[in-house]
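Asker: Okay, so here is protein.txt, and as you'll see once you scroll down, it has compact mmCIF, C-alpha atoms.
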# COMPACT_ATOMS: atom_id res chain seq x y z
CA MET F 1 0.00 0.00 0.00
CA HIS F 2 1.14 3.53 -0.72
CA SER F 3 2.86 4.87 2.44
CA ASN F 4 0.75 8.04 2.59
CA MET F 5 -2.40 5.96 2.15
CA LYS F 6 -1.38 3.63 4.95
CA THR F 7 -0.65 6.58 7.23
CA LEU F 8 -4.03 8.14 6.52
CA LEU F 9 -5.86 4.87 7.16
CA GLU F 10 -4.06 4.57 10.48
CA GLN F 11 -5.11 8.11 11.36
CA MET F 12 -8.76 7.26 10.68
CA ARG F 13 -8.67 4.58 13.42
CA ILE F 14 -11.95 3.01 12.36
CA THR F 15 -13.03 0.25 14.76
CA GLU F 16 -15.91 -2.21 14.85
CA MET F 17 -17.45 -0.08 17.58
CA ASP F 18 -17.17 3.01 15.37
CA ILE F 19 -18.75 1.15 12.46
CA GLY F 20 -21.66 0.17 14.70
CA ALA F 21 -22.11 3.79 15.77
CA ARG F 22 -22.13 4.96 12.16
CA LYS F 23 -24.76 2.37 11.23
CA ARG F 24 -26.95 3.44 14.13
CA LEU F 25 -26.78 7.06 12.98
CA LEU F 26 -28.15 5.94 9.61
CA GLU F 27 -30.57 3.47 11.22
CA PHE F 28 -28.92 0.71 9.21
CA ASP F 29 -29.84 -2.57 10.92
CA ASP F 30 -30.11 -6.31 10.34
CA GLN F 31 -33.35 -5.90 8.35
CA ASP F 32 -31.45 -3.71 5.90
CA VAL F 33 -28.73 -6.36 5.61
CA VAL F 34 -31.35 -9.01 4.79
CA ALA F 35 -33.07 -6.74 2.27
CA LEU F 36 -29.81 -6.13 0.39
CA LEU F 37 -28.84 -9.81 0.43
CA ARG F 38 -32.15 -10.71 -1.24
CA CYS F 39 -31.22 -8.40 -4.13
CA ARG F 40 -27.81 -9.95 -4.72
CA ASP F 41 -28.85 -12.42 -7.40
CA HIS F 42 -30.84 -9.80 -9.30
CA ILE F 43 -27.87 -7.45 -9.38
CA GLU F 44 -25.33 -10.16 -10.20
CA ARG F 45 -27.33 -11.16 -13.32
CA ARG F 46 -27.36 -7.56 -14.51
CA LEU F 47 -23.85 -6.66 -13.33
CA ASP F 48 -22.13 -6.42 -16.72
CA ASP F 49 -24.93 -4.26 -18.14
CA ILE F 50 -24.82 -1.96 -15.14
CA VAL F 51 -21.06 -1.48 -15.35
CA GLU F 52 -21.10 -1.06 -19.14
CA THR F 53 -23.86 1.54 -18.93
CA PHE F 54 -22.15 3.30 -16.06
CA TYR F 55 -18.82 3.76 -17.87
CA GLY F 56 -20.54 4.52 -21.16
CA ILE F 57 -22.12 7.54 -19.52
CA GLN F 58 -18.98 8.46 -17.56
CA THR F 59 -16.66 8.41 -20.56
CA SER F 60 -19.06 10.62 -22.53
CA ASN F 61 -17.90 13.44 -20.24
CA PRO F 62 -14.51 14.73 -21.57
CA ASP F 63 -13.27 15.70 -18.10
CA ILE F 64 -13.95 12.25 -16.69
CA ALA F 65 -12.65 10.52 -19.82
CA SER F 66 -9.34 12.38 -19.45
CA LEU F 67 -9.07 11.16 -15.85
CA ILE F 68 -9.68 7.55 -16.89
CA GLY F 69 -7.16 7.68 -19.68
CA ASP F 70 -6.42 4.52 -21.69
CA SER F 71 -8.40 1.31 -22.23
CA ASP F 72 -6.28 -0.70 -19.79
CA THR F 73 -7.17 1.70 -17.02
CA LEU F 74 -10.82 1.53 -18.01
CA GLU F 75 -10.73 -2.25 -17.86
CA ARG F 76 -9.23 -2.18 -14.35
CA LEU F 77 -11.86 0.33 -13.26
CA GLU F 78 -14.66 -1.85 -14.62
CA THR F 79 -13.31 -4.84 -12.68
CA ALA F 80 -13.10 -2.75 -9.50
CA GLN F 81 -16.61 -1.42 -10.10
CA ARG F 82 -18.04 -4.93 -10.38
CA ARG F 83 -16.42 -5.85 -7.10
CA TYR F 84 -17.68 -2.64 -5.48
CA ILE F 85 -21.28 -3.24 -6.60
CA MET F 86 -21.31 -6.83 -5.41
CA ASP F 87 -19.92 -5.71 -2.05
CA LEU F 88 -22.97 -3.47 -1.67
CA PHE F 89 -25.12 -6.60 -1.68
CA SER F 90 -22.74 -8.91 0.18
CA GLY F 91 -24.38 -8.65 3.60
CA ALA F 92 -20.95 -8.15 5.21
CA TYR F 93 -20.50 -4.53 6.23
CA ASP F 94 -17.68 -4.97 8.67
CA LEU F 95 -14.19 -3.56 9.19
CA GLU F 96 -12.87 -5.02 5.95
CA TYR F 97 -15.75 -3.50 4.01
CA THR F 98 -15.15 -0.13 5.68
CA ASN F 99 -11.40 -0.12 5.01
CA ASN F 100 -12.06 -0.92 1.35
CA ARG F 101 -14.31 2.16 1.18
CA LEU F 102 -11.62 4.27 2.83
CA ARG F 103 -9.08 3.06 0.27
CA ILE F 104 -11.47 4.02 -2.52
CA GLY F 105 -11.63 7.56 -1.15
CA LEU F 106 -7.85 7.80 -0.87
CA VAL F 107 -7.31 6.49 -4.38
CA HIS F 108 -9.81 8.96 -5.80
CA LYS F 109 -8.10 11.82 -3.96
CA ARG F 110 -4.61 10.70 -4.95
CA ILE F 111 -5.39 10.46 -8.69
CA GLY F 112 -7.10 13.84 -8.65
CA VAL F 113 -10.80 12.99 -8.85
CA GLU F 114 -12.62 16.08 -7.66
CA PRO F 115 -15.53 15.61 -5.19
CA LYS F 116 -18.05 16.82 -7.79
CA PHE F 117 -17.02 13.98 -10.15
CA TYR F 118 -17.11 11.42 -7.34
CA LEU F 119 -20.58 12.54 -6.24
CA SER F 120 -21.91 12.53 -9.80
CA ALA F 121 -20.59 8.97 -10.19
CA VAL F 122 -22.28 7.90 -6.95
CA TYR F 123 -25.53 9.47 -8.12
CA LEU F 124 -25.28 7.70 -11.49
CA LEU F 125 -24.51 4.31 -9.92
CA HIS F 126 -27.35 4.70 -7.43
CA ARG F 127 -29.76 5.57 -10.23
CA LEU F 128 -28.68 2.52 -12.29
CA LEU F 129 -28.98 0.18 -9.31
CA VAL F 130 -32.45 1.48 -8.43
CA GLN F 131 -33.53 1.19 -12.04
CA ASN F 132 -32.33 -2.42 -12.27
CA LEU F 133 -33.94 -3.38 -8.96
CA ASN F 134 -37.24 -1.87 -10.12
CA ASP F 135 -36.97 -3.90 -13.33
CA ALA F 136 -36.04 -7.13 -11.56
CA MET F 137 -38.38 -7.07 -8.56
CA GLU F 138 -42.09 -6.71 -8.16
CA SER F 139 -43.33 -3.56 -6.52
CA GLY F 140 -44.02 -4.09 -2.88
CA LEU F 141 -42.59 -4.03 0.62
CA GLU F 142 -39.52 -6.12 -0.26
CA LEU F 143 -38.47 -3.73 -3.03
CA GLN F 144 -39.17 -0.72 -0.84
CA ARG F 145 -37.01 -2.14 1.96
CA ALA F 146 -34.22 -2.88 -0.48
CA LEU F 147 -34.22 0.66 -1.90
CA VAL F 148 -34.22 2.23 1.57
CA ALA F 149 -31.37 -0.07 2.69
CA LEU F 150 -29.40 0.79 -0.45
CA ASP F 151 -29.84 4.51 0.25
CA LYS F 152 -28.50 4.05 3.76
CA LEU F 153 -25.51 2.04 2.62
CA ILE F 154 -24.66 4.52 -0.14
CA TYR F 155 -24.69 7.31 2.46
CA PHE F 156 -22.52 5.16 4.71
CA ASP F 157 -19.98 4.78 1.90
CA VAL F 158 -20.06 8.44 0.90
CA THR F 159 -19.35 9.63 4.45
CA LEU F 160 -16.33 7.33 4.65
CA VAL F 161 -14.99 8.46 1.29
CA PHE F 162 -15.41 12.13 2.13
CA GLU F 163 -13.72 11.70 5.48
CA THR F 164 -10.67 10.40 3.62
CA TYR F 165 -10.87 13.36 1.25
CA ILE F 166 -10.94 15.76 4.17
CA LEU F 167 -8.22 13.96 6.11
CA SER F 168 -6.04 13.85 3.02
CA LEU F 169 -6.50 17.60 2.48
CA VAL F 170 -5.72 18.30 6.14
CA SER F 171 -2.58 16.16 5.85
CA GLU F 172 -1.52 18.11 2.77
CA ILE F 173 -2.14 21.39 4.56
CA GLU F 174 -0.14 20.14 7.56
CA ALA F 175 2.69 19.08 5.25
CA VAL F 176 2.72 22.50 3.58
CA LYS F 177 2.55 24.17 6.98
CA ASN F 178 5.48 22.09 8.23
CA ARG F 179 7.51 22.87 5.13
CA THR F 180 6.69 26.56 5.51
CA GLU F 181 7.66 26.52 9.17
CA GLU F 182 10.90 24.72 8.37
CA TYR F 183 11.65 27.28 5.67
CA ALA F 184 10.82 30.13 8.07
CA ARG F 185 13.10 28.65 10.74
CA ALA F 186 15.90 28.21 8.23
CA LEU F 187 15.38 31.78 7.04
CA GLU F 188 15.37 33.08 10.62
CA GLU F 189 18.57 31.18 11.34
CA THR F 190 20.17 32.59 8.20
CA VAL F 191 19.07 36.12 9.05
CA ALA F 192 20.22 35.68 12.65
CA MET F 193 23.55 34.37 11.46
CA ARG F 194 23.94 37.23 9.01
CA ASN F 195 22.89 39.73 11.66
CA GLY F 196 25.34 38.13 14.02
CA GLN F 197 28.04 38.45 11.41
CA LEU F 198 27.11 42.10 10.83
CA ARG F 199 26.89 42.78 14.56
CA THR F 200 30.26 41.22 15.36
CA ASP F 201 33.55 42.37 13.91
CA ALA F 202 35.28 39.36 12.33
CA LEU F 203 38.81 40.36 13.39
CA THR F 204 38.32 41.44 16.99
CA GLY F 205 35.04 39.85 18.01
CA LEU F 206 33.72 43.22 19.21
CA THR F 207 30.41 44.81 18.30
CA THR F 208 30.52 46.65 14.98
CA ARG F 209 30.00 50.39 14.50
CA ARG F 210 26.64 49.67 12.89
CA TYR F 211 25.18 48.84 16.32
CA LEU F 212 27.02 51.45 18.41
CA ASN F 213 24.29 54.07 18.14
CA GLU F 214 21.67 51.47 19.13
CA ALA F 215 23.72 50.50 22.20
CA LEU F 216 24.25 54.17 23.13
CA GLN F 217 20.55 54.95 22.95
CA ARG F 218 19.60 51.86 24.92
CA THR F 219 22.17 52.48 27.66
CA VAL F 220 21.40 56.18 27.99
CA LYS F 221 17.64 55.56 28.21
CA ALA F 222 18.19 52.95 30.94
CA ALA F 223 20.46 55.38 32.82
CA GLN F 224 17.83 58.12 32.60
CA ARG F 225 15.24 55.84 34.20
CA ARG F 226 17.63 54.99 37.04
CA SER F 227 19.32 58.42 37.29
CA GLU F 228 22.75 56.86 36.75
CA PRO F 229 25.83 58.18 34.94
CA VAL F 230 27.12 56.75 31.68
CA SER F 231 30.68 57.03 30.40
CA LEU F 232 32.08 56.52 26.93
CA ILE F 233 35.73 55.79 26.20
CA PHE F 234 37.06 56.47 22.70
CA VAL F 235 40.28 54.55 21.98
CA ASP F 236 42.74 55.08 19.12
CA VAL F 237 46.03 53.28 18.40
CA ASP F 238 48.87 55.77 18.13
CA ASP F 239 50.67 55.83 14.79
CA PHE F 240 48.87 52.71 13.58
CA LYS F 241 49.78 53.46 9.96
CA GLY F 242 53.43 53.59 10.90
CA LEU F 243 53.16 50.23 12.68
CA ASN F 244 51.57 48.71 9.60
CA ASP F 245 54.22 50.15 7.32
CA ARG F 246 57.12 49.02 9.53
CA ARG F 247 55.87 45.62 10.73
CA GLY F 248 53.35 44.63 8.06
CA HIS F 249 49.59 44.17 8.00
CA ALA F 250 49.72 40.84 9.85
CA TYR F 251 51.25 42.63 12.82
CA GLY F 252 48.69 45.40 12.49
CA ASP F 253 45.90 42.81 12.68
CA ARG F 254 47.54 41.33 15.75
CA VAL F 255 47.58 44.75 17.42
CA LEU F 256 43.87 45.23 16.75
CA THR F 257 43.05 41.69 17.91
CA GLU F 258 44.99 42.04 21.16
CA LEU F 259 43.48 45.45 21.86
CA GLY F 260 40.02 43.96 21.31
CA LYS F 261 40.79 41.21 23.83
CA VAL F 262 42.04 43.77 26.36
CA LEU F 263 38.88 45.83 26.03
CA LEU F 264 36.66 42.78 26.50
CA GLU F 265 38.66 41.59 29.53
CA THR F 266 38.43 45.02 31.13
CA ALA F 267 34.72 45.62 30.52
CA ARG F 268 31.87 44.26 32.61
CA GLY F 269 28.99 42.20 31.30
CA GLU F 270 26.69 45.22 30.96
CA ASP F 271 29.32 47.24 29.07
CA THR F 272 29.63 47.35 25.27
CA CYS F 273 32.94 47.17 23.40
CA VAL F 274 32.88 48.39 19.81
CA ARG F 275 35.35 48.45 16.94
CA TYR F 276 34.45 51.86 15.60
CA GLY F 277 36.52 51.52 12.45
CA GLY F 278 40.13 50.92 11.46
CA ASP F 279 42.18 51.36 14.64
CA GLU F 280 39.46 53.21 16.59
CA PHE F 281 37.45 51.60 19.38
CA CYS F 282 34.74 52.59 21.86
CA VAL F 283 33.82 51.24 25.28
CA LEU F 284 30.39 52.17 26.62
CA LEU F 285 30.26 51.93 30.42
CA ALA F 286 26.93 51.71 32.19
CA ASN F 287 26.61 53.31 35.66
CA SER F 288 30.11 54.75 35.57
CA THR F 289 31.42 58.28 36.13
CA GLU F 290 34.26 59.76 34.13
CA GLU F 291 36.58 59.48 37.14
CA GLN F 292 35.68 55.80 37.62
CA ALA F 293 36.25 55.13 33.94
CA GLU F 294 39.68 56.75 34.06
CA ALA F 295 40.74 54.98 37.24
CA ALA F 296 39.19 51.52 36.80
CA TYR F 297 39.21 51.08 33.03
CA CYS F 298 41.66 53.30 31.22
CA GLN F 299 44.56 52.48 33.53
CA ARG F 300 43.88 48.75 33.33
CA ILE F 301 43.56 48.88 29.54
CA ARG F 302 46.97 50.58 29.26
CA ARG F 303 48.55 48.12 31.69
CA LEU F 304 47.23 44.97 30.01
CA LEU F 305 48.15 46.24 26.53
CA ALA F 306 51.66 47.18 27.71
CA GLU F 307 52.15 43.64 29.03
CA ARG F 308 51.23 42.11 25.66
CA LEU F 309 52.42 44.71 23.17
CA PRO F 310 54.89 47.03 24.95
CA GLU F 311 55.77 48.84 21.72
CA VAL F 312 52.15 49.89 21.14
CA SER F 313 50.58 52.98 22.71
CA ILE F 314 47.02 54.21 22.60
CA SER F 315 45.15 57.45 23.18
CA MET F 316 41.84 57.56 25.01
CA GLY F 317 39.15 60.11 25.56
CA VAL F 318 36.53 59.72 28.28
CA VAL F 319 33.28 61.65 28.61
CA GLN F 320 30.37 61.30 30.97
CA THR F 321 26.68 62.03 30.63
CA GLY F 322 24.08 61.97 33.43
CA PRO F 323 22.84 61.47 36.00
CA ASP F 324 21.34 65.00 35.99
CA HIS F 325 21.66 65.96 32.34
CA PHE F 326 21.93 63.55 29.44
CA GLU F 327 23.40 64.22 26.02
CA ASP F 328 22.05 62.33 23.07
CA ALA F 329 24.03 59.49 21.51
CA ASP F 330 25.57 61.52 18.67
CA ALA F 331 26.68 64.35 20.94
CA LEU F 332 28.22 61.90 23.41
CA LEU F 333 30.17 60.15 20.68
CA LYS F 334 31.48 63.42 19.24
CA SER F 335 32.54 64.59 22.69
CA ALA F 336 34.50 61.38 23.37
CA ASP F 337 36.14 61.54 19.93
CA ARG F 338 37.17 65.16 20.51
CA ARG F 339 38.51 64.36 23.98
CA MET F 340 40.56 61.49 22.57
CA TYR F 341 42.20 63.73 19.94
CA LEU F 342 42.95 66.38 22.57
CA ASN F 343 44.68 63.74 24.68
CA LYS F 344 46.56 62.42 21.65
CA SER F 345 47.77 65.91 20.80
CA ALA F 346 48.78 66.49 24.42
CA GLY F 347 50.72 63.25 24.38
CA LYS F 348 52.58 64.29 21.23
CA ASP F 349 53.41 67.64 22.79
CA VAL F 350 54.79 65.92 25.88
CA ALA F 351 56.82 63.53 23.74
CA ALA F 352 58.19 66.43 21.65
CA GLY F 353 59.06 68.40 24.77
Can you give me the file's structure in the form of structure tokens?
Answerer:
Amino acid sequence: MHSNMKTLLEQMRITEMDIGARKRLLEFDDQDVVALLRCRDHIERRLDDIVETFYGIQTSNPDIASLIGDSDTLERLETAQRRYIMDLFSGAYDLEYTNNRLRIGLVHKRIGVEPKFYLSAVYLLHRLLVQNLNDAMESGLELQRALVALDKLIYFDVTLVFETYILSLVSEIEAVKNRTEEYARALEETVAMRNGQLRTDALTGLTTRRYLNEALQRTVKAAQRRSEPVSLIFVDVDDFKGLNDRRGHAYGDRVLTELGKVLLETARGEDTCVRYGGDEFCVLLANSTEEQAEAAYCQRIRRLLAERLPEVSISMGVVQTGPDHFEDADALLKSADRRMYLNKSAGKDVAAG
């Protein structure tokens, strides 16, 4: 059996108890079984005519004819139709009978038979069966009981077939939903990865300049709510171009990498370390005054860098905002940059003197 078909049949979970409940809903009882059994011989004698007439009418519809296709397929369908008709008058409407009806629904759905074509076929078959029973049996209570029983059983079959249609559609929707969710997750992961790559500088592992303004705004707003100071350190490597020219770009990359490590080791978890661009860096310190930043951070940064790269010097500018008055992010950044260049110039003057 086709794996999807088997899965759907398992999902239906039809039991003998369920079959009994369905029959009771349609008031299909033992008298109906007897009435249908008494018609079996009449139908069996007319079986070939019924099937031939049925498919003669069906194939006259171009849409249905295109679904049937070639003569081999038609022959297989005719054989299946004979078996289906005789099952209607078999007297055995048990689990096997029910599962066969479920398979019919799944096959119709899988090969693309639309419900309107299935229902028109059921209507046609019902009409042919009623016509043949009227021709074969005398009018009376026995015929009336047989026709009523046939109506009930046809409804029984149709409900089963349509449940498989619905379940199959739901399964398809679930499959599409799962594929869509998987695609969305993959896309989210890709976007997150790309955002992570954009957020993190590949060389130093620090936050990139792109997200500095966001971090400044977030930290300043939090400080305003808590009436806390915020400090920003702007860091620049002295004569970085000269280092690159004398020692090569590999050494220059090492300088930037080591400085990045020093900044991360010095900062706290709530602080943000940023590679601003080239050889310029920023450290955003939450709940820190300018004096605390100078004493606790700047001195340690210089000491750790001197231990690792004694030939490298840096210039730093520190500015504070809050807790009483707060500058906006752009103004704070410009102030720290200006302070750094003032300190760099002062350092050059001292060195020249």
Asker: Just the residues within 7 Å of range 277-280 of chain F, please, counting all atoms listed in the file, with nothing from its chain fewer than 6 positions along; format it as a list of chain:residue names.
Answerer: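 These residues fall inside the cut-off: F:Arg209, F:Val235, F:Asp236, F:Val237, F:Phe240, F:Leu256.
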Asker: So, with all atoms listed in the file as the atoms that count, which of F:Gln292, F:Thr272, F:Ser60, F:Thr164 lies closest to Thr200 in chain F?
Answerer: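 Between F:Gln292, F:Thr272, F:Ser60, F:Thr164, the residue approaching Thr200 in chain F most closely is F:Thr272.
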Asker: Just checking: using all atoms listed in the file, which residue out of F:Val176, F:Leu74, F:Ala80, F:Cys39 ends up closest to Gln144 in chain F?
Answerer: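 Comparing F:Val176, F:Leu74, F:Ala80, F:Cys39 against Gln144 in chain F, the winner is F:Cys39.
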Asker: Residues at most 8 Å from Val312 in chain F, counting all atoms listed in the file, excluding those fewer than 3 positions away in the same chain, as an MDAnalysis selection string?
Answerer: chainID F and resid 237:238 255 305:306 309
Asker: At a cut-off of 10 Å, using only C-alpha atoms, what residues contact Ile104 in chain F? Leave out same-chain residues fewer than 5 positions from it and give the result as a count of residues only.
Answerer: 10
Asker: My list of candidates is F:Leu243, F:Leu153, F:Val262, F:Ala65. Which is closest to Glu311 in chain F when distances are computed with all atoms listed in the file?
Answerer: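 For Glu311 in chain F, the nearest of the given residues is F:Leu243.
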Asker: Find the residues near range 331-334 of chain F: any atom within 12 Å, counting all atoms listed in the file, skip ones fewer than 6 places away on the same chain, and give them as a list in words.
Answerer: Arg209, Leu212, Asn213, Ala215, Leu216, Gln217, Thr219, Val220, Val230, Ser231, Leu232, Ile233, Phe234, Val235, Tyr276, Phe281, Cys282, Val283, Leu284, Gly317, Val318, Val319, Gln320, Thr321, Gly322, His325, Met340 and Tyr341 of chain F
Asker: Find the spatial neighbours of range 86-91 of chain F, counting all atoms listed in the file, within a cut-off of 12 Å - ignore same-chain residues fewer than 6 positions away - and output them as an MDAnalysis selection string.
Answerer: chainID F and resid 28:48 50:51 79:80 97:98 100:101 125:126 129 133 146:147 149:157
Asker: Could you check the closest approach to Glu258 in chain F for each of F:Leu102, F:Leu203, F:Leu124, F:Val113 and tell me which residue wins, using all atoms listed in the file?
Answerer: F:Leu203
Asker: What is the CA of Gly105 in chain F to CA of Ile14 in chain F distance in Å?
Answerer: 14.3 Å
Asker: Write out as AutoDock Vina command-line options an axis-aligned box for range 278-296 of chain F: all of its atoms listed in the file, 8 Å added on each side, centre and edge lengths in Å with one decimal.
Answerer:
--center_x 34.4 --center_y 55.3 --center_z 24.5 --size_x 31.6 --size_y 24.8 --size_z 42.2
Asker: Which residue gives the smallest distance to Val158 in chain F among F:Leu119, F:Ala184, F:Leu143, F:Ile57, with only C-alpha atoms counted?
Answerer: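 Using only C-alpha atoms, the shortest distance to Val158 in chain F belongs to F:Leu119.
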Asker: In terms of the shortest atom-to-atom distance over all atoms listed in the file, which of F:Leu128, F:Ala295, F:Ser71, F:Ser139 is closest to Thr266 in chain F?
Answerer: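 The answer is F:Ala295, which sits nearest to Thr266 in chain F.
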Asker: What is the distance, in Å and to one decimal place, between CA of Glu16 in chain F and CA of Ile166 in chain F?
Answerer: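 Separating CA of Glu16 in chain F from CA of Ile166 in chain F is a distance of 21.5 Å.
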Asker: Report, in Å with one decimal, the straight-line distance from CA of Arg268 in chain F to CA of Arg218 in chain F.
Answerer: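 Between CA of Arg268 in chain F and CA of Arg218 in chain F the gap works out to 16.4 Å.
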Asker: Rebuild range 47-55 of chain F to all heavy atoms - output it as a CSV table (one decimal), in the coordinates of the input, please.
Answerer:
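File out_7.csv, as written:
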chain,number,residue,atom,x,y,z
F,47,LEU,N,-25.1,-7.4,-13.7
F,47,LEU,CA,-23.8,-6.7,-13.3
F,47,LEU,C,-23.1,-6.1,-14.5
F,47,LEU,O,-22.7,-4.9,-14.5
F,47,LEU,CB,-22.9,-7.6,-12.5
F,47,LEU,CG,-21.7,-7.0,-11.9
F,47,LEU,CD1,-22.0,-5.8,-11.0
F,47,LEU,CD2,-20.8,-8.0,-11.2
F,48,ASP,N,-22.9,-6.9,-15.6
F,48,ASP,CA,-22.1,-6.4,-16.7
F,48,ASP,C,-22.8,-5.3,-17.4
F,48,ASP,O,-22.2,-4.3,-17.8
F,48,ASP,CB,-21.9,-7.5,-17.7
F,48,ASP,CG,-20.9,-8.6,-17.2
F,48,ASP,OD1,-20.1,-8.2,-16.3
F,48,ASP,OD2,-20.9,-9.7,-17.7
F,49,ASP,N,-24.2,-5.3,-17.5
F,49,ASP,CA,-24.9,-4.3,-18.1
F,49,ASP,C,-24.8,-3.0,-17.3
F,49,ASP,O,-24.7,-1.9,-17.9
F,49,ASP,CB,-26.4,-4.7,-18.3
F,49,ASP,CG,-26.6,-5.7,-19.4
F,49,ASP,OD1,-25.7,-5.8,-20.2
F,49,ASP,OD2,-27.6,-6.4,-19.3
F,50,ILE,N,-24.9,-3.1,-16.0
F,50,ILE,CA,-24.8,-2.0,-15.1
F,50,ILE,C,-23.5,-1.3,-15.3
F,50,ILE,O,-23.4,0.0,-15.5
F,50,ILE,CB,-25.1,-2.4,-13.7
F,50,ILE,CG1,-26.5,-2.9,-13.5
F,50,ILE,CG2,-24.8,-1.2,-12.7
F,50,ILE,CD1,-26.7,-3.5,-12.1
F,51,VAL,N,-22.4,-2.1,-15.3
F,51,VAL,CA,-21.1,-1.5,-15.4
F,51,VAL,C,-20.8,-0.9,-16.7
F,51,VAL,O,-20.3,0.2,-16.9
F,51,VAL,CB,-20.0,-2.6,-15.0
F,51,VAL,CG1,-18.6,-2.0,-15.3
F,51,VAL,CG2,-20.1,-3.0,-13.6
F,52,GLU,N,-21.3,-1.6,-17.8
F,52,GLU,CA,-21.1,-1.1,-19.1
F,52,GLU,C,-21.9,0.3,-19.3
F,52,GLU,O,-21.3,1.2,-19.9
F,52,GLU,CB,-21.6,-2.1,-20.1
F,52,GLU,CG,-21.4,-1.7,-21.6
F,52,GLU,CD,-21.8,-2.7,-22.6
F,52,GLU,OE1,-22.0,-3.9,-22.2
F,52,GLU,OE2,-21.9,-2.4,-23.8
F,53,THR,N,-23.1,0.3,-18.8
F,53,THR,CA,-23.9,1.5,-18.9
F,53,THR,C,-23.2,2.7,-18.1
F,53,THR,O,-23.1,3.8,-18.6
F,53,THR,CB,-25.3,1.3,-18.4
F,53,THR,OG1,-25.9,0.2,-19.2
F,53,THR,CG2,-26.1,2.6,-18.6
F,54,PHE,N,-22.8,2.3,-16.9
F,54,PHE,CA,-22.2,3.3,-16.1
F,54,PHE,C,-21.0,4.0,-16.8
F,54,PHE,O,-20.9,5.2,-16.8
F,54,PHE,CB,-21.7,2.6,-14.8
F,54,PHE,CG,-21.0,3.5,-13.8
F,54,PHE,CD1,-21.7,4.3,-12.9
F,54,PHE,CD2,-19.6,3.6,-13.8
F,54,PHE,CE1,-21.0,5.2,-12.0
F,54,PHE,CE2,-18.9,4.4,-12.9
F,54,PHE,CZ,-19.6,5.2,-12.1
F,55,TYR,N,-20.0,3.2,-17.3
F,55,TYR,CA,-18.8,3.8,-17.9
F,55,TYR,C,-19.1,4.3,-19.2
F,55,TYR,O,-18.4,5.2,-19.7
F,55,TYR,CB,-17.7,2.7,-17.9
F,55,TYR,CG,-17.0,2.7,-16.6
F,55,TYR,CD1,-17.2,1.6,-15.7
F,55,TYR,CD2,-16.2,3.7,-16.1
F,55,TYR,CE1,-16.5,1.5,-14.5
F,55,TYR,CE2,-15.5,3.7,-14.9
F,55,TYR,CZ,-15.7,2.6,-14.1
F,55,TYR,OH,-15.1,2.6,-12.9
